[in-house]
Protein chains: 2
Amino acid sequence: MKRIADSTVRRLSAYLRFLEDFEERGLSTISSDELARRGGTTSAQVRKDLSFFGSFGKRGLGYSVPELAGRLREILGLGRQWKVIIIGAGKIGAALVAYRGFRQRGFQILAAYDSSSDKVGRTLEGIPVRDISHLEKDVHKDLPDIAVVTVPGENAQQVVDRIVKAGIKAILNFAPTQLQVPPDVTVKTVNMAMELEGLSFAFSNRD
Amino acid sequence: MKRIADSTVRRLSAYLRFLEDFEERGLSTISSDELARRGGTTSAQVRKDLSFFGSFGKRGLGYSVPELAGRLREILGLGRQWKVIIIGAGKIGAALVAYRGFRQRGFQILAAYDSSSDKVGRTLEGIPVRDISHLEKDVHKDLPDIAVVTVPGENAQQVVDRIVKAGIKAILNFAPTQLQVPPDVTVKTVNMAMELEGLSFAFSNRD
DNA sequence: ACATGTGAACTGCTTCACAGCG
DNA sequence: CGCTGTGAAGCAGTTCACATGT
């Protein structure tokens, strides 16, 4: 299969969100034009994005909302439960544990890990906070699919090395660091400082 | 001036972070090759990125670490204080208020806003939580540059409409919604659900 | 008639390769 | 000689435009 661009996958995510909106409102069909308007893109872009995966629409009519939503869930790999662990039970970790969007989309948080004895043994929203020293043993037992890293930047690489060695292949990184991982491990980084600097740049250079 | 790609600005941010590392360690010069290795890119990319803004290096030698860091701060608009307000004093808002990376880079948080009477009147890490109904009046008085939106998705657009009407031109959005704003307003969206779905897709389609 | 699906054209980012300069 | 700075080439993502199917 052809390699799919990152930007395409992000748009598919967005389309799915709109479709779920439409599903709730009981609408049954939608055109590429309408999806485009909601997503800030063009109808040609929508059709091209979908065309990588098949032909889901009816000419002259548009797309069936429930069918397309189903297809997108399948494409995005959301037709299953993902087991997630969170490394770092600080403020960001706590916010993520409380975030309902995770569970809603099939991401099940197994546990959070921290090194501080203040936090270990307590729970966050019903999720146990475990000692980071148990990480390898637990990963071996629970086989999580995804690790979310919310430790300080200076500890991030060493934590990631442990996670990777333990066999996890997907990482969502909140530390403001460029992580080094082997090619079979996927990392997505969310870097708030970078986003702010992007705003700062845009603002400074606006005309 | 030529339009600068988003990807370029993000890399400039990354370069600056590495340079600050180098500065602390007292190193005085760095080559495009070394910056590239740290940033997961190529030396040609580094040089091209910088070339949009001038010629900062010495042939045969590399770049002066403090000079290049200074230039990048200037380019990114970090040579000033930015006044930031946070809309939504929930878990994410609280995590952001506590995040030290903001202040370190000249982003000064003036206040957080919320509609819940449990939160209004209290403080988060020394930052006052004010009633959202005072938003317009306060913006008029304090003239914040950037608003960070951490309200639930279903309220995000209406909050953004108020912010924009009050005159703010830069928004960092944590709500999982595609926001509609006029063309003179810059929005950066951080969408965790989208990142997770990106991981899910990558994992499902790995070979 | 209407909206999809898709090659072809286009735009723009990245990589190459080398001249230029310390 | 080494490393920068940069046109030119290459490649990838987006947009166009129209044939196709309902």
# chains A, B, ... in the order shown; residues from 1 in each chain; ligands from 1

call {"tool": "interface_residues", "arguments": {"of": "chain C", "to": "chain B", "cutoff": "9 Å", "atoms": "only C-alpha atoms (C1' of nucleotides)", "output": "PDB file with N, CA and C atoms (P, O5', C5', C4', C3', O3' and C1' of nucleotides), in the first residue's frame"}}
result
ATOM      1  P    DC C  13       6.340  25.719   1.369  1.00  0.00           P
ATOM      2  O5'  DC C  13       7.041  24.480   2.096  1.00  0.00           O
ATOM      3  C5'  DC C  13       6.304  23.277   2.302  1.00  0.00           C
ATOM      4  C4'  DC C  13       7.234  22.088   2.161  1.00  0.00           C
ATOM      5  C3'  DC C  13       8.550  22.236   2.920  1.00  0.00           C
ATOM      6  O3'  DC C  13       8.749  21.041   3.670  1.00  0.00           O
ATOM      7  C1'  DC C  13       8.977  21.686   0.658  1.00  0.00           C
ATOM      8  P    DT C  14      10.043  20.861   4.576  1.00  0.00           P
ATOM      9  O5'  DT C  14      10.991  19.950   3.652  1.00  0.00           O
ATOM     10  C5'  DT C  14      10.477  18.761   3.116  1.00  0.00           C
ATOM     11  C4'  DT C  14      11.535  18.080   2.255  1.00  0.00           C
ATOM     12  C3'  DT C  14      12.916  17.935   2.914  1.00  0.00           C
ATOM     13  O3'  DT C  14      13.287  16.574   2.745  1.00  0.00           O
ATOM     14  C1'  DT C  14      13.132  18.929   0.778  1.00  0.00           C
ATOM     15  P    DT C  15      14.639  16.013   3.360  1.00  0.00           P
ATOM     16  O5'  DT C  15      15.584  15.942   2.076  1.00  0.00           O
ATOM     17  C5'  DT C  15      15.152  15.181   0.959  1.00  0.00           C
ATOM     18  C4'  DT C  15      16.148  15.357  -0.173  1.00  0.00           C
ATOM     19  C3'  DT C  15      17.622  15.153   0.233  1.00  0.00           C
ATOM     20  O3'  DT C  15      18.151  14.175  -0.662  1.00  0.00           O
ATOM     21  C1'  DT C  15      17.353  17.180  -0.978  1.00  0.00           C
ATOM     22  P    DC C  16      19.705  13.767  -0.605  1.00  0.00           P
ATOM     23  O5'  DC C  16      20.303  14.604  -1.824  1.00  0.00           O
ATOM     24  C5'  DC C  16      19.517  14.719  -3.010  1.00  0.00           C
ATOM     25  C4'  DC C  16      20.286  15.478  -4.077  1.00  0.00           C
ATOM     26  C3'  DC C  16      21.800  15.287  -4.049  1.00  0.00           C
ATOM     27  O3'  DC C  16      22.210  15.177  -5.395  1.00  0.00           O
ATOM     28  C1'  DC C  16      21.290  17.583  -3.888  1.00  0.00           C
ATOM     29  P    DG C  20      31.579  30.804  -7.481  1.00  0.00           P
ATOM     30  O5'  DG C  20      31.513  30.917  -5.902  1.00  0.00           O
ATOM     31  C5'  DG C  20      30.333  31.416  -5.284  1.00  0.00           C
ATOM     32  C4'  DG C  20      30.632  31.734  -3.833  1.00  0.00           C
ATOM     33  C3'  DG C  20      31.863  32.610  -3.627  1.00  0.00           C
ATOM     34  O3'  DG C  20      31.540  33.551  -2.609  1.00  0.00           O
ATOM     35  C1'  DG C  20      32.130  30.583  -2.427  1.00  0.00           C
ATOM     36  P    DC C  21      32.445  34.810  -2.403  1.00  0.00           P
ATOM     37  O5'  DC C  21      33.054  34.557  -0.968  1.00  0.00           O
ATOM     38  C5'  DC C  21      32.195  34.236   0.127  1.00  0.00           C
ATOM     39  C4'  DC C  21      33.014  33.596   1.229  1.00  0.00           C
ATOM     40  C3'  DC C  21      34.335  34.321   1.523  1.00  0.00           C
ATOM     41  O3'  DC C  21      34.270  34.797   2.845  1.00  0.00           O
ATOM     42  C1'  DC C  21      34.609  31.955   1.461  1.00  0.00           C
ATOM     43  P    DG C  22      35.292  35.775   3.495  1.00  0.00           P
ATOM     44  O5'  DG C  22      35.763  34.952   4.768  1.00  0.00           O
ATOM     45  C5'  DG C  22      34.803  34.537   5.727  1.00  0.00           C
ATOM     46  C4'  DG C  22      35.331  33.346   6.478  1.00  0.00           C
ATOM     47  C3'  DG C  22      36.613  33.632   7.267  1.00  0.00           C
ATOM     48  O3'  DG C  22      36.502  33.078   8.563  1.00  0.00           O
ATOM     49  C1'  DG C  22      36.955  31.791   5.802  1.00  0.00           C
TER      50       DG C  22
END

call {"tool": "interface_residues", "arguments": {"of": "chain D", "to": "chain B", "cutoff": "6 Å", "atoms": "only C-alpha atoms (C1' of nucleotides)", "output": "count of residues only"}}
result
3

call {"tool": "residues_around", "arguments": {"residues": "Leu135 (chain B)", "least_positions_apart": "5", "cutoff": "10 Å", "atoms": "only C-alpha atoms (C1' of nucleotides)", "output": "short mmCIF file (atom, residue, chain, number, x, y, z; two decimals) with C-alpha atoms, in the first residue's frame"}}
result
data_model
loop_
_atom_site.label_atom_id
_atom_site.label_comp_id
_atom_site.auth_asym_id
_atom_site.auth_seq_id
_atom_site.Cartn_x
_atom_site.Cartn_y
_atom_site.Cartn_z
CA ILE B 85 -4.78 34.44 29.46
CA ILE B 87 -9.83 30.29 29.34
CA ALA B 112 -7.40 32.15 34.12
CA TYR B 113 -11.13 32.41 33.43
CA ASP B 114 -13.90 29.98 34.30
CA ARG B 130 -11.68 35.18 37.32
CA HIS B 140 -9.86 45.67 27.21
CA LYS B 141 -7.85 46.67 30.28
CA VAL B 159 -15.64 31.37 23.72
CA ARG B 162 -15.89 36.38 22.32
CA ILE B 163 -12.09 36.39 22.47
CA ALA B 166 -12.49 41.46 22.18
#

call {"tool": "closest_residue", "arguments": {"among": "A:Val139, A:Val151, A:Ala14, A:Ile132", "to": "chain B", "atoms": "only C-alpha atoms"}}
result
A:Ala14

call {"tool": "residues_around", "arguments": {"residues": "DA19 (chain C)", "least_positions_apart": "2", "cutoff": "10 Å", "atoms": "only C-alpha atoms (C1' of nucleotides)", "output": "number ranges by chain"}}
result
C: 17, 21; D: 5-6

call {"tool": "interface_residues", "arguments": {"of": "chain B", "to": "chain A", "cutoff": "6 Å", "atoms": "only C-alpha atoms", "output": "PyMOL selection string"}}
result
chain B and resi 13+76-77+91-92+95+194+200-201+204

call {"tool": "write_last_selection", "arguments": {"atoms": "N, CA, C and O atoms", "output": "compact mmCIF listing (two decimals), in the first residue's frame"}}
result
# COMPACT_ATOMS: atom_id res chain seq x y z
N SER B 13 12.27 26.50 16.23
CA SER B 13 12.02 26.30 17.66
C SER B 13 12.92 25.20 18.23
O SER B 13 13.52 25.37 19.29
N LEU B 76 11.89 34.40 16.07
CA LEU B 76 10.67 33.81 16.61
C LEU B 76 9.84 34.81 17.41
O LEU B 76 8.75 34.47 17.89
N GLY B 77 10.34 36.00 17.56
CA GLY B 77 9.57 37.02 18.28
C GLY B 77 9.63 36.83 19.78
O GLY B 77 8.71 37.22 20.50
N LYS B 91 -8.71 20.77 34.55
CA LYS B 91 -7.45 20.05 34.73
C LYS B 91 -6.37 20.53 33.76
O LYS B 91 -5.22 20.73 34.14
N ILE B 92 -6.73 20.70 32.50
CA ILE B 92 -5.71 21.11 31.53
C ILE B 92 -5.26 22.54 31.80
O ILE B 92 -4.07 22.84 31.80
N ALA B 95 -2.91 22.50 34.62
CA ALA B 95 -1.59 21.97 34.24
C ALA B 95 -0.78 23.03 33.50
O ALA B 95 0.42 23.17 33.72
N MET B 194 -6.48 13.45 18.20
CA MET B 194 -5.94 13.32 16.86
C MET B 194 -4.55 12.67 16.87
O MET B 194 -4.25 11.82 16.02
N SER B 200 -2.58 5.20 16.45
CA SER B 200 -3.41 4.03 16.17
C SER B 200 -3.29 3.63 14.71
O SER B 200 -3.11 2.46 14.36
N PHE B 201 -3.35 4.62 13.82
CA PHE B 201 -3.22 4.36 12.39
C PHE B 201 -1.84 3.79 12.07
O PHE B 201 -1.71 2.78 11.38
N SER B 204 -1.55 0.23 13.32
CA SER B 204 -2.37 -0.72 12.58
C SER B 204 -1.78 -1.02 11.20
O SER B 204 -1.97 -2.10 10.66

call {"tool": "atom_distance", "arguments": {"atom1": "C1' of DT15 (chain D)", "atom2": "C1' of DC10 (chain C)"}}
result
7.3 Å
